[in-house]
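**Student:** The structure that follows is given in the form of C-alpha cells.
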There are 2 protein chains.
Amino acid sequence: MVEEQDERILAELQKDGRATNQQLAEIVGMSTSACWRRVRALEESGVISGYSALVARERAGFATSAILHVSLERHDVKFVDEFVARVMQRREVLECFATTGDADYHLRVVVRDMDAYNRFLDEFMFRIPGIRHVRTNVILKEIKTGVALPF
Amino acid sequence: MVEEQDERILAELQKDGRATNQQLAEIVGMSTSACWRRVRALEESGVISGYSALVARERAGFATSAILHVSLERHDVKFVDEFVARVMQRREVLECFATTGDADYHLRVVVRDMDAYNRFLDEFMFRIPGIRHVRTNVILKEIKTGVALPF
DNA sequence: TCATGATTTGGTAGATTTTACCGAAATGGA
DNA sequence: TCCATTTCGGTAAAATCTACCAAATCATGA
C-alpha cells in the first residue's frame with residue numbers, strides 16, 4: 001500500500017510541508033510529474049490527512065500547558081460518548097488518548113496562562129458528567145514536540 | 001508582538017499549511033503582498049517554526065503507540081542531560097515533556113507494532129542510565145491528535 | 001495643526017511552480 | 001508472447017510566488 005518511495009515522500013513532507021514539488025521530486029529521485037501524482041494519491045487516499053504550520057507555543061503567547069490524567073466514574077457508552085464529544089470541541093485540548101493504566105484518558109491542554117487553565121478546569125473539565133478523577137501534571141519543559149512519524 | 005491579524009494568519013496556516021498566499025490574503029482580508037510579508041516575518045521571527053504534512057498514523061503502518069511515565073533515580077544535570085540527549089535522537093519518541101506529578105517525564109512513543117515497542121523498551125529505554133521507573137500506558141484509541149494552538 | 005521620517009500598504013511584472021494532458025515505457029496476467 | 005493496465009517522463013498553459021515600486025498610513029515632536 002504505502003511503499004518505499006511513498007515513505008520517502010512522506011518523510012520529506014513531514015520535515016517540510018511546503019517543499020515544492022520540484023524539490024521533492026529531486027530529493028526522492030523521480031520526475032516532477034510522477035512525484036506530483038504520488039503526493040496527490042497520498043492526499044486523496046488519506047495517508048496525508050492535511051498540512052499544518054507549526055507554531056512556536058511560547059512565542060505565540062501560550063505560556064501554560066499540562067498533561068491531564070482523567071478517569072471516568074462509569075464506562076457506559078453514554079458517559080464515554082459525552083466525554084469524547086465535549087473534549088473534541090474544546091480547542092485547548094490538543095490531544096486526547098484513551099489509554100491502559102491508572103487513568104482512562106491522557107489529555108494535553110494548552111492555554112495562555114494559569115488563570116486560563118484554572119478556568120478550563122472549573123468551567124469545563126469539572127462539569128463533565130461521570131468524571132471520577134482528574135490529575136494535572138503541569139508541563140515544566142517541552143523537551144520534544146514532534147509530529148513526524150519515524151519512517 | 002503577535003497581533004490580531006497575525007493570529008488570523010496563524011490560525012489559518014495551522015488549519016491549512018499549504019494554503020496559497022492568495023487564499024490566505026482573502027481570508028484574513030488584506031492584499032496579497034501585505035499578507036505575504038507578514039507570513040514571511042512570522043517565519044523569520046520563529047513564530048512559525050516550520051510546516052509539516054500530517055500523516056495518518058495507522059494508514060502509514062504505525063499500529064502501536066503508548067504514553068510512558070518515566071522517573072529518574074537522581075536528578076543531577078548529568079543524568080538529566082543524558083536522558084534528554086538520548087530521547088532527542090530516538091525518532092519513535094514523538095513527544096517528551098518534563099512534568100510535575102508522580103512521573104518526571106511523559107513520553108509519547110509511536111512504533112509499527114508491539115514487537116517494535118518491546119524492542120524500544122529493551123534496547124533503548126531500559127538502558128538509559130539513572131532510570132528509576134518506566135510505566136507504559138498503551139494508547140487504545142486516539143480521540144484527538146491536534147497540533148493547532150487555540151487562537 | 002502640521003511637517004517629517006519611518007513604516008506599512010496595494011499594485012505590478014518577471015520568475016517560478018502547479019496542474020492536466022500527452023504518448024511512451026514498464027508491469028503483470030492469461 | 002500478447003494485450004490490457006498502470007505508471008512513467010515531458011510539456012505547456014494557468015496559477016502562484018516573490019521582489020520591487022510609489023502611495024498611503026502612522027507616530028512623534030515642534
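Ordering of the C-alpha cells sets the chain letters (A, B, ...); residue numbers start at 1 within each chain; ligands are numbered from 1 in the order shown.
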Can you pull out the residues contacting segment 4-15 of chain C? Cut-off 7 Å, using only C-alpha atoms (C1' of nucleotides), and skip same-chain residues under 6 positions away; I want them as a PDB file with C-alpha atoms (C1' of nucleotides), in the first residue's frame.
**Tutor:**
```pdb
ATOM      1  CA  SER B  31      -3.643  42.450  -0.066  1.00  0.00           C
ATOM      2  CA  ALA B  34       0.932  42.608   2.729  1.00  0.00           C
TER       3      ALA B  34
ATOM      4  C1'  DA D  24      -0.804  55.716   1.914  1.00  0.00           C
TER       5       DA D  24
END
```
**Student:** For segment 136-151 of chain A, find every residue with an atom within 6 Å (counting only C-alpha atoms (C1' of nucleotides)), except residues of its own chain fewer than 2 positions away, and show them as JSON, numbers by chain.
**Tutor:** {"A": [14, 65, 66, 67, 68], "B": [91, 92, 94, 95, 96, 97, 98, 99, 100, 101]}
**Student:** Can those selected residues be exported to a file as a PDB file, in the first residue's frame so that it contains N, CA, C and O atoms?
**Tutor:**
```pdb
ATOM      1  N   GLN A  14       6.877  15.581   5.865  1.00  0.00           N
ATOM      2  CA  GLN A  14       6.759  15.802   7.305  1.00  0.00           C
ATOM      3  C   GLN A  14       7.814  16.814   7.750  1.00  0.00           C
ATOM      4  O   GLN A  14       7.550  17.662   8.591  1.00  0.00           O
ATOM      5  N   SER A  65       0.927  24.806  29.815  1.00  0.00           N
ATOM      6  CA  SER A  65       0.341  23.577  29.286  1.00  0.00           C
ATOM      7  C   SER A  65       0.479  22.470  30.317  1.00  0.00           C
ATOM      8  O   SER A  65       1.295  22.549  31.232  1.00  0.00           O
ATOM      9  N   ALA A  66      -0.343  21.469  30.159  1.00  0.00           N
ATOM     10  CA  ALA A  66      -0.385  20.394  31.146  1.00  0.00           C
ATOM     11  C   ALA A  66      -0.840  19.096  30.521  1.00  0.00           C
ATOM     12  O   ALA A  66      -1.496  19.092  29.475  1.00  0.00           O
ATOM     13  N   ILE A  67      -0.455  18.013  31.176  1.00  0.00           N
ATOM     14  CA  ILE A  67      -0.974  16.704  30.793  1.00  0.00           C
ATOM     15  C   ILE A  67      -1.920  16.245  31.887  1.00  0.00           C
ATOM     16  O   ILE A  67      -1.542  16.215  33.067  1.00  0.00           O
ATOM     17  N   LEU A  68      -3.135  15.917  31.500  1.00  0.00           N
ATOM     18  CA  LEU A  68      -4.161  15.524  32.469  1.00  0.00           C
ATOM     19  C   LEU A  68      -4.393  14.025  32.414  1.00  0.00           C
ATOM     20  O   LEU A  68      -4.515  13.458  31.330  1.00  0.00           O
TER      21      LEU A  68
ATOM     22  N   ARG B  91      13.663   8.615  17.141  1.00  0.00           N
ATOM     23  CA  ARG B  91      12.547   9.156  16.382  1.00  0.00           C
ATOM     24  C   ARG B  91      11.204   8.544  16.770  1.00  0.00           C
ATOM     25  O   ARG B  91      10.147   9.119  16.495  1.00  0.00           O
ATOM     26  N   GLU B  92      11.231   7.379  17.408  1.00  0.00           N
ATOM     27  CA  GLU B  92       9.964   6.791  17.890  1.00  0.00           C
ATOM     28  C   GLU B  92       9.332   7.672  18.964  1.00  0.00           C
ATOM     29  O   GLU B  92       8.127   7.623  19.191  1.00  0.00           O
ATOM     30  N   LEU B  94       7.906  10.722  19.829  1.00  0.00           N
ATOM     31  CA  LEU B  94       7.372  11.912  19.173  1.00  0.00           C
ATOM     32  C   LEU B  94       7.350  13.085  20.132  1.00  0.00           C
ATOM     33  O   LEU B  94       7.644  14.214  19.754  1.00  0.00           O
ATOM     34  N   GLU B  95       6.992  12.809  21.374  1.00  0.00           N
ATOM     35  CA  GLU B  95       6.884  13.886  22.346  1.00  0.00           C
ATOM     36  C   GLU B  95       7.552  13.500  23.653  1.00  0.00           C
ATOM     37  O   GLU B  95       7.547  12.337  24.048  1.00  0.00           O
ATOM     38  N   CYS B  96       8.110  14.505  24.306  1.00  0.00           N
ATOM     39  CA  CYS B  96       8.661  14.292  25.645  1.00  0.00           C
ATOM     40  C   CYS B  96       8.510  15.578  26.445  1.00  0.00           C
ATOM     41  O   CYS B  96       8.946  16.641  26.006  1.00  0.00           O
ATOM     42  N   PHE B  97       7.859  15.458  27.609  1.00  0.00           N
ATOM     43  CA  PHE B  97       7.629  16.620  28.462  1.00  0.00           C
ATOM     44  C   PHE B  97       8.118  16.343  29.868  1.00  0.00           C
ATOM     45  O   PHE B  97       7.857  15.268  30.414  1.00  0.00           O
ATOM     46  N   ALA B  98       8.810  17.296  30.440  1.00  0.00           N
ATOM     47  CA  ALA B  98       9.105  17.241  31.872  1.00  0.00           C
ATOM     48  C   ALA B  98       7.883  17.783  32.592  1.00  0.00           C
ATOM     49  O   ALA B  98       7.388  18.864  32.260  1.00  0.00           O
ATOM     50  N   THR B  99       7.398  17.038  33.557  1.00  0.00           N
ATOM     51  CA  THR B  99       6.133  17.403  34.200  1.00  0.00           C
ATOM     52  C   THR B  99       6.218  17.348  35.717  1.00  0.00           C
ATOM     53  O   THR B  99       7.083  16.683  36.285  1.00  0.00           O
ATOM     54  N   THR B 100       5.289  18.043  36.343  1.00  0.00           N
ATOM     55  CA  THR B 100       5.057  17.853  37.768  1.00  0.00           C
ATOM     56  C   THR B 100       4.260  16.558  37.937  1.00  0.00           C
ATOM     57  O   THR B 100       3.783  15.979  36.962  1.00  0.00           O
ATOM     58  N   GLY B 101       4.114  16.118  39.158  1.00  0.00           N
ATOM     59  CA  GLY B 101       3.334  14.909  39.409  1.00  0.00           C
ATOM     60  C   GLY B 101       4.216  13.708  39.669  1.00  0.00           C
ATOM     61  O   GLY B 101       5.423  13.843  39.868  1.00  0.00           O
TER      62      GLY B 101
END
```
**Student:** Mind listing as a PyMOL selection string which residues of chain D are within 9 Å of chain B, counting only C-alpha atoms (C1' of nucleotides)?
**Tutor:** chain D and resi 16-18
**Student:** How many Å separate atom CA of Val111 of chain B from atom CA of Ala63 of chain B?
**Tutor:**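 That distance, rounded to one decimal, is 6.8 Å.
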**Student:** Near chain A, meaning an atom within 9 Å, which residues of chain C appear when counting only C-alpha atoms (C1' of nucleotides)? Write them as a PDB file with all heavy atoms, in the first residue's frame.
**Tutor:**
```
ATOM      1  P    DT C  17      10.666  26.912  -8.224  1.00  0.00           P
ATOM      2  OP1  DT C  17      11.132  26.650  -6.862  1.00  0.00           O
ATOM      3  OP2  DT C  17      11.334  26.276  -9.391  1.00  0.00           O
ATOM      4  O5'  DT C  17       9.107  26.554  -8.296  1.00  0.00           O
ATOM      5  C5'  DT C  17       8.201  27.275  -7.477  1.00  0.00           C
ATOM      6  C4'  DT C  17       6.789  26.837  -7.769  1.00  0.00           C
ATOM      7  O4'  DT C  17       6.375  27.371  -9.038  1.00  0.00           O
ATOM      8  C3'  DT C  17       6.606  25.317  -7.855  1.00  0.00           C
ATOM      9  O3'  DT C  17       5.651  24.934  -6.886  1.00  0.00           O
ATOM     10  C2'  DT C  17       6.141  25.066  -9.289  1.00  0.00           C
ATOM     11  C1'  DT C  17       5.566  26.414  -9.695  1.00  0.00           C
ATOM     12  N1   DT C  17       5.641  26.704 -11.153  1.00  0.00           N
ATOM     13  C2   DT C  17       4.475  26.982 -11.839  1.00  0.00           C
ATOM     14  O2   DT C  17       3.391  26.979 -11.297  1.00  0.00           O
ATOM     15  N3   DT C  17       4.645  27.262 -13.172  1.00  0.00           N
ATOM     16  C4   DT C  17       5.832  27.284 -13.871  1.00  0.00           C
ATOM     17  O4   DT C  17       5.854  27.546 -15.067  1.00  0.00           O
ATOM     18  C5   DT C  17       7.021  26.982 -13.101  1.00  0.00           C
ATOM     19  C7   DT C  17       8.352  26.979 -13.772  1.00  0.00           C
ATOM     20  C6   DT C  17       6.864  26.715 -11.800  1.00  0.00           C
ATOM     21  P    DT C  18       5.184  23.385  -6.767  1.00  0.00           P
ATOM     22  OP1  DT C  18       4.967  23.145  -5.343  1.00  0.00           O
ATOM     23  OP2  DT C  18       6.091  22.509  -7.536  1.00  0.00           O
ATOM     24  O5'  DT C  18       3.767  23.424  -7.488  1.00  0.00           O
ATOM     25  C5'  DT C  18       2.839  24.428  -7.097  1.00  0.00           C
ATOM     26  C4'  DT C  18       1.650  24.462  -8.042  1.00  0.00           C
ATOM     27  O4'  DT C  18       2.080  24.755  -9.389  1.00  0.00           O
ATOM     28  C3'  DT C  18       0.852  23.165  -8.124  1.00  0.00           C
ATOM     29  O3'  DT C  18      -0.517  23.528  -8.031  1.00  0.00           O
ATOM     30  C2'  DT C  18       1.219  22.600  -9.503  1.00  0.00           C
ATOM     31  C1'  DT C  18       1.455  23.863 -10.297  1.00  0.00           C
ATOM     32  N1   DT C  18       2.356  23.780 -11.476  1.00  0.00           N
ATOM     33  C2   DT C  18       1.888  24.172 -12.711  1.00  0.00           C
ATOM     34  O2   DT C  18       0.746  24.570 -12.893  1.00  0.00           O
ATOM     35  N3   DT C  18       2.800  24.094 -13.728  1.00  0.00           N
ATOM     36  C4   DT C  18       4.117  23.662 -13.641  1.00  0.00           C
ATOM     37  O4   DT C  18       4.844  23.642 -14.625  1.00  0.00           O
ATOM     38  C5   DT C  18       4.542  23.268 -12.327  1.00  0.00           C
ATOM     39  C7   DT C  18       5.936  22.794 -12.112  1.00  0.00           C
ATOM     40  C6   DT C  18       3.651  23.338 -11.324  1.00  0.00           C
ATOM     41  P    DT C  19      -1.615  22.410  -7.596  1.00  0.00           P
ATOM     42  OP1  DT C  19      -2.737  23.142  -7.001  1.00  0.00           O
ATOM     43  OP2  DT C  19      -0.935  21.355  -6.842  1.00  0.00           O
ATOM     44  O5'  DT C  19      -2.114  21.812  -8.988  1.00  0.00           O
ATOM     45  C5'  DT C  19      -2.776  22.685  -9.887  1.00  0.00           C
ATOM     46  C4'  DT C  19      -2.857  22.046 -11.255  1.00  0.00           C
ATOM     47  O4'  DT C  19      -1.583  22.094 -11.903  1.00  0.00           O
ATOM     48  C3'  DT C  19      -3.299  20.578 -11.272  1.00  0.00           C
ATOM     49  O3'  DT C  19      -4.522  20.517 -11.959  1.00  0.00           O
ATOM     50  C2'  DT C  19      -2.159  19.857 -12.008  1.00  0.00           C
ATOM     51  C1'  DT C  19      -1.533  21.002 -12.796  1.00  0.00           C
ATOM     52  N1   DT C  19      -0.115  20.826 -13.204  1.00  0.00           N
ATOM     53  C2   DT C  19       0.261  21.230 -14.459  1.00  0.00           C
ATOM     54  O2   DT C  19      -0.520  21.719 -15.256  1.00  0.00           O
ATOM     55  N3   DT C  19       1.590  21.032 -14.745  1.00  0.00           N
ATOM     56  C4   DT C  19       2.553  20.488 -13.925  1.00  0.00           C
ATOM     57  O4   DT C  19       3.708  20.366 -14.302  1.00  0.00           O
ATOM     58  C5   DT C  19       2.090  20.091 -12.611  1.00  0.00           C
ATOM     59  C7   DT C  19       3.052  19.494 -11.638  1.00  0.00           C
ATOM     60  C6   DT C  19       0.795  20.276 -12.328  1.00  0.00           C
TER      61       DT C  19
END
```
**Student:** As a ChimeraX atom specification, please: the residues near Val47 of chain A (cut-off 8 Å, only C-alpha atoms (C1' of nucleotides), same-chain neighbours under 4 positions excluded).
**Tutor:** /A:42-43 /B:55-56,59-60
**Student:** Report the residues of chain A whose backbone DSSP state falls under strand (DSSP E or B), written as number ranges by chain.
**Tutor:** A: 48-55, 64-72, 93-99, 105-111, 131-145
**Student:** Any chance you can output those residues with N, CA and C atoms as a compact mmCIF listing (two decimals), in the first residue's frame?
**Tutor:**
```
# COMPACT_ATOMS: atom_id res chain seq x y z
N ILE A 48 -1.92 11.20 3.75
CA ILE A 48 -1.67 12.57 4.19
C ILE A 48 -3.03 13.18 4.53
N SER A 49 -3.23 13.47 5.81
CA SER A 49 -4.55 13.94 6.22
C SER A 49 -4.65 15.45 6.17
N GLY A 50 -3.52 16.11 5.99
CA GLY A 50 -3.53 17.57 5.89
C GLY A 50 -2.14 18.13 6.02
N TYR A 51 -2.08 19.45 6.04
CA TYR A 51 -0.82 20.15 6.22
C TYR A 51 -1.03 21.20 7.30
N SER A 52 0.03 21.49 8.04
CA SER A 52 -0.13 22.49 9.09
C SER A 52 1.14 23.28 9.30
N ALA A 53 0.96 24.56 9.58
CA ALA A 53 2.09 25.36 10.05
C ALA A 53 2.32 25.00 11.51
N LEU A 54 3.58 24.83 11.89
CA LEU A 54 3.91 24.54 13.28
C LEU A 54 4.25 25.85 13.97
N VAL A 55 3.48 26.19 14.96
CA VAL A 55 3.64 27.49 15.62
C VAL A 55 4.31 27.31 16.99
N THR A 64 1.27 28.29 29.26
CA THR A 64 0.95 27.19 30.18
C THR A 64 0.41 25.98 29.44
N SER A 65 0.93 24.81 29.82
CA SER A 65 0.34 23.58 29.29
C SER A 65 0.48 22.47 30.32
N ALA A 66 -0.34 21.47 30.16
CA ALA A 66 -0.39 20.39 31.15
C ALA A 66 -0.84 19.10 30.52
N ILE A 67 -0.46 18.01 31.18
CA ILE A 67 -0.97 16.70 30.79
C ILE A 67 -1.92 16.24 31.89
N LEU A 68 -3.14 15.92 31.50
CA LEU A 68 -4.16 15.52 32.47
C LEU A 68 -4.39 14.03 32.41
N HIS A 69 -4.45 13.43 33.60
CA HIS A 69 -4.89 12.03 33.68
C HIS A 69 -6.35 12.07 34.12
N VAL A 70 -7.20 11.52 33.31
CA VAL A 70 -8.63 11.58 33.59
C VAL A 70 -9.21 10.18 33.68
N SER A 71 -9.98 9.94 34.72
CA SER A 71 -10.70 8.67 34.83
C SER A 71 -12.19 8.92 34.94
N LEU A 72 -12.97 8.05 34.34
CA LEU A 72 -14.43 8.17 34.40
C LEU A 72 -14.99 7.31 35.53
N VAL A 93 -7.76 21.55 24.30
CA VAL A 93 -7.33 20.15 24.36
C VAL A 93 -6.71 19.78 23.02
N LEU A 94 -5.39 19.82 22.98
CA LEU A 94 -4.73 19.48 21.72
C LEU A 94 -4.76 17.99 21.47
N GLU A 95 -4.55 17.21 22.52
CA GLU A 95 -4.51 15.76 22.33
C GLU A 95 -5.36 15.08 23.39
N CYS A 96 -5.94 13.97 23.01
CA CYS A 96 -6.68 13.12 23.96
C CYS A 96 -6.54 11.67 23.54
N PHE A 97 -6.04 10.84 24.45
CA PHE A 97 -5.85 9.42 24.14
C PHE A 97 -6.53 8.57 25.21
N ALA A 98 -7.24 7.55 24.77
CA ALA A 98 -7.71 6.52 25.70
C ALA A 98 -6.56 5.55 25.92
N THR A 99 -6.24 5.30 27.18
CA THR A 99 -5.05 4.50 27.46
C THR A 99 -5.31 3.40 28.48
N TYR A 105 -7.88 8.25 30.42
CA TYR A 105 -7.51 9.14 29.33
C TYR A 105 -6.30 10.00 29.69
N HIS A 106 -5.50 10.28 28.69
CA HIS A 106 -4.43 11.27 28.80
C HIS A 106 -4.78 12.44 27.89
N LEU A 107 -4.78 13.64 28.43
CA LEU A 107 -5.07 14.83 27.63
C LEU A 107 -3.89 15.78 27.70
N ARG A 108 -3.60 16.43 26.59
CA ARG A 108 -2.65 17.55 26.65
C ARG A 108 -3.41 18.83 26.38
N VAL A 109 -3.28 19.76 27.30
CA VAL A 109 -4.04 21.01 27.25
C VAL A 109 -3.07 22.19 27.17
N VAL A 110 -3.36 23.12 26.29
CA VAL A 110 -2.51 24.31 26.12
C VAL A 110 -3.35 25.57 26.29
N VAL A 111 -2.91 26.45 27.17
CA VAL A 111 -3.64 27.71 27.41
C VAL A 111 -2.64 28.86 27.56
N ILE A 131 -17.17 12.12 35.61
CA ILE A 131 -15.73 12.16 35.84
C ILE A 131 -15.42 11.67 37.25
N ARG A 132 -14.54 10.70 37.36
CA ARG A 132 -14.15 10.21 38.67
C ARG A 132 -12.99 11.03 39.23
N HIS A 133 -12.02 11.25 38.34
CA HIS A 133 -10.78 11.81 38.84
C HIS A 133 -10.02 12.55 37.75
N VAL A 134 -9.46 13.70 38.11
CA VAL A 134 -8.62 14.44 37.18
C VAL A 134 -7.32 14.79 37.89
N ARG A 135 -6.22 14.38 37.33
CA ARG A 135 -4.92 14.74 37.90
C ARG A 135 -4.15 15.59 36.90
N THR A 136 -3.71 16.76 37.37
CA THR A 136 -2.98 17.68 36.50
C THR A 136 -1.48 17.49 36.65
N ASN A 137 -0.82 17.30 35.52
CA ASN A 137 0.64 17.27 35.50
C ASN A 137 1.11 18.46 34.68
N VAL A 138 1.52 19.50 35.34
CA VAL A 138 1.93 20.71 34.63
C VAL A 138 3.21 20.43 33.84
N ILE A 139 3.23 20.91 32.62
CA ILE A 139 4.43 20.72 31.79
C ILE A 139 5.45 21.79 32.16
N LEU A 140 6.57 21.34 32.70
CA LEU A 140 7.63 22.25 33.12
C LEU A 140 8.50 22.63 31.93
N LYS A 141 8.68 21.68 31.05
CA LYS A 141 9.56 21.92 29.91
C LYS A 141 9.17 20.99 28.77
N GLU A 142 9.12 21.57 27.57
CA GLU A 142 8.89 20.75 26.40
C GLU A 142 10.23 20.29 25.88
N ILE A 143 10.53 19.04 26.12
CA ILE A 143 11.79 18.50 25.60
C ILE A 143 11.69 18.31 24.10
N LYS A 144 10.55 17.83 23.69
CA LYS A 144 10.37 17.46 22.29
C LYS A 144 8.89 17.48 21.97
N THR A 145 8.53 18.13 20.87
CA THR A 145 7.13 18.11 20.43
C THR A 145 7.13 17.83 18.95
```
**Student:** May I have all residues of chain A that DSSP, computed from the backbone, assigns to helix (DSSP H, G or I), given as a count of residues only?
**Tutor:** 59
**Student:** Which residue is closest to chain A? Choose from B:Val87, B:Asp76, B:Glu123, B:Gln23 and count only C-alpha atoms.
**Tutor:**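 Of B:Val87, B:Asp76, B:Glu123, B:Gln23, the one nearest chain A, counting only C-alpha atoms, is B:Val87.
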**Student:** Ranking A:Asp122, A:Glu7, A:Glu26, A:Asp113 by minimum distance to chain B and counting only C-alpha atoms, which one comes first?
**Tutor:**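 For chain B, the nearest of the candidates is A:Glu7.
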**Student:** Record the distance separating atom CA of Ala19 of chain B and atom CA of Arg57 of chain B, expressed in Å with one decimal.
**Tutor:** 22.9 Å
**Student:** So, counting only C-alpha atoms, which residue among A:Val84, A:Gly29, A:Arg8, A:Lys78 is closest to chain B?
**Tutor:**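 Of A:Val84, A:Gly29, A:Arg8, A:Lys78, the one nearest chain B, counting only C-alpha atoms, is A:Val84.
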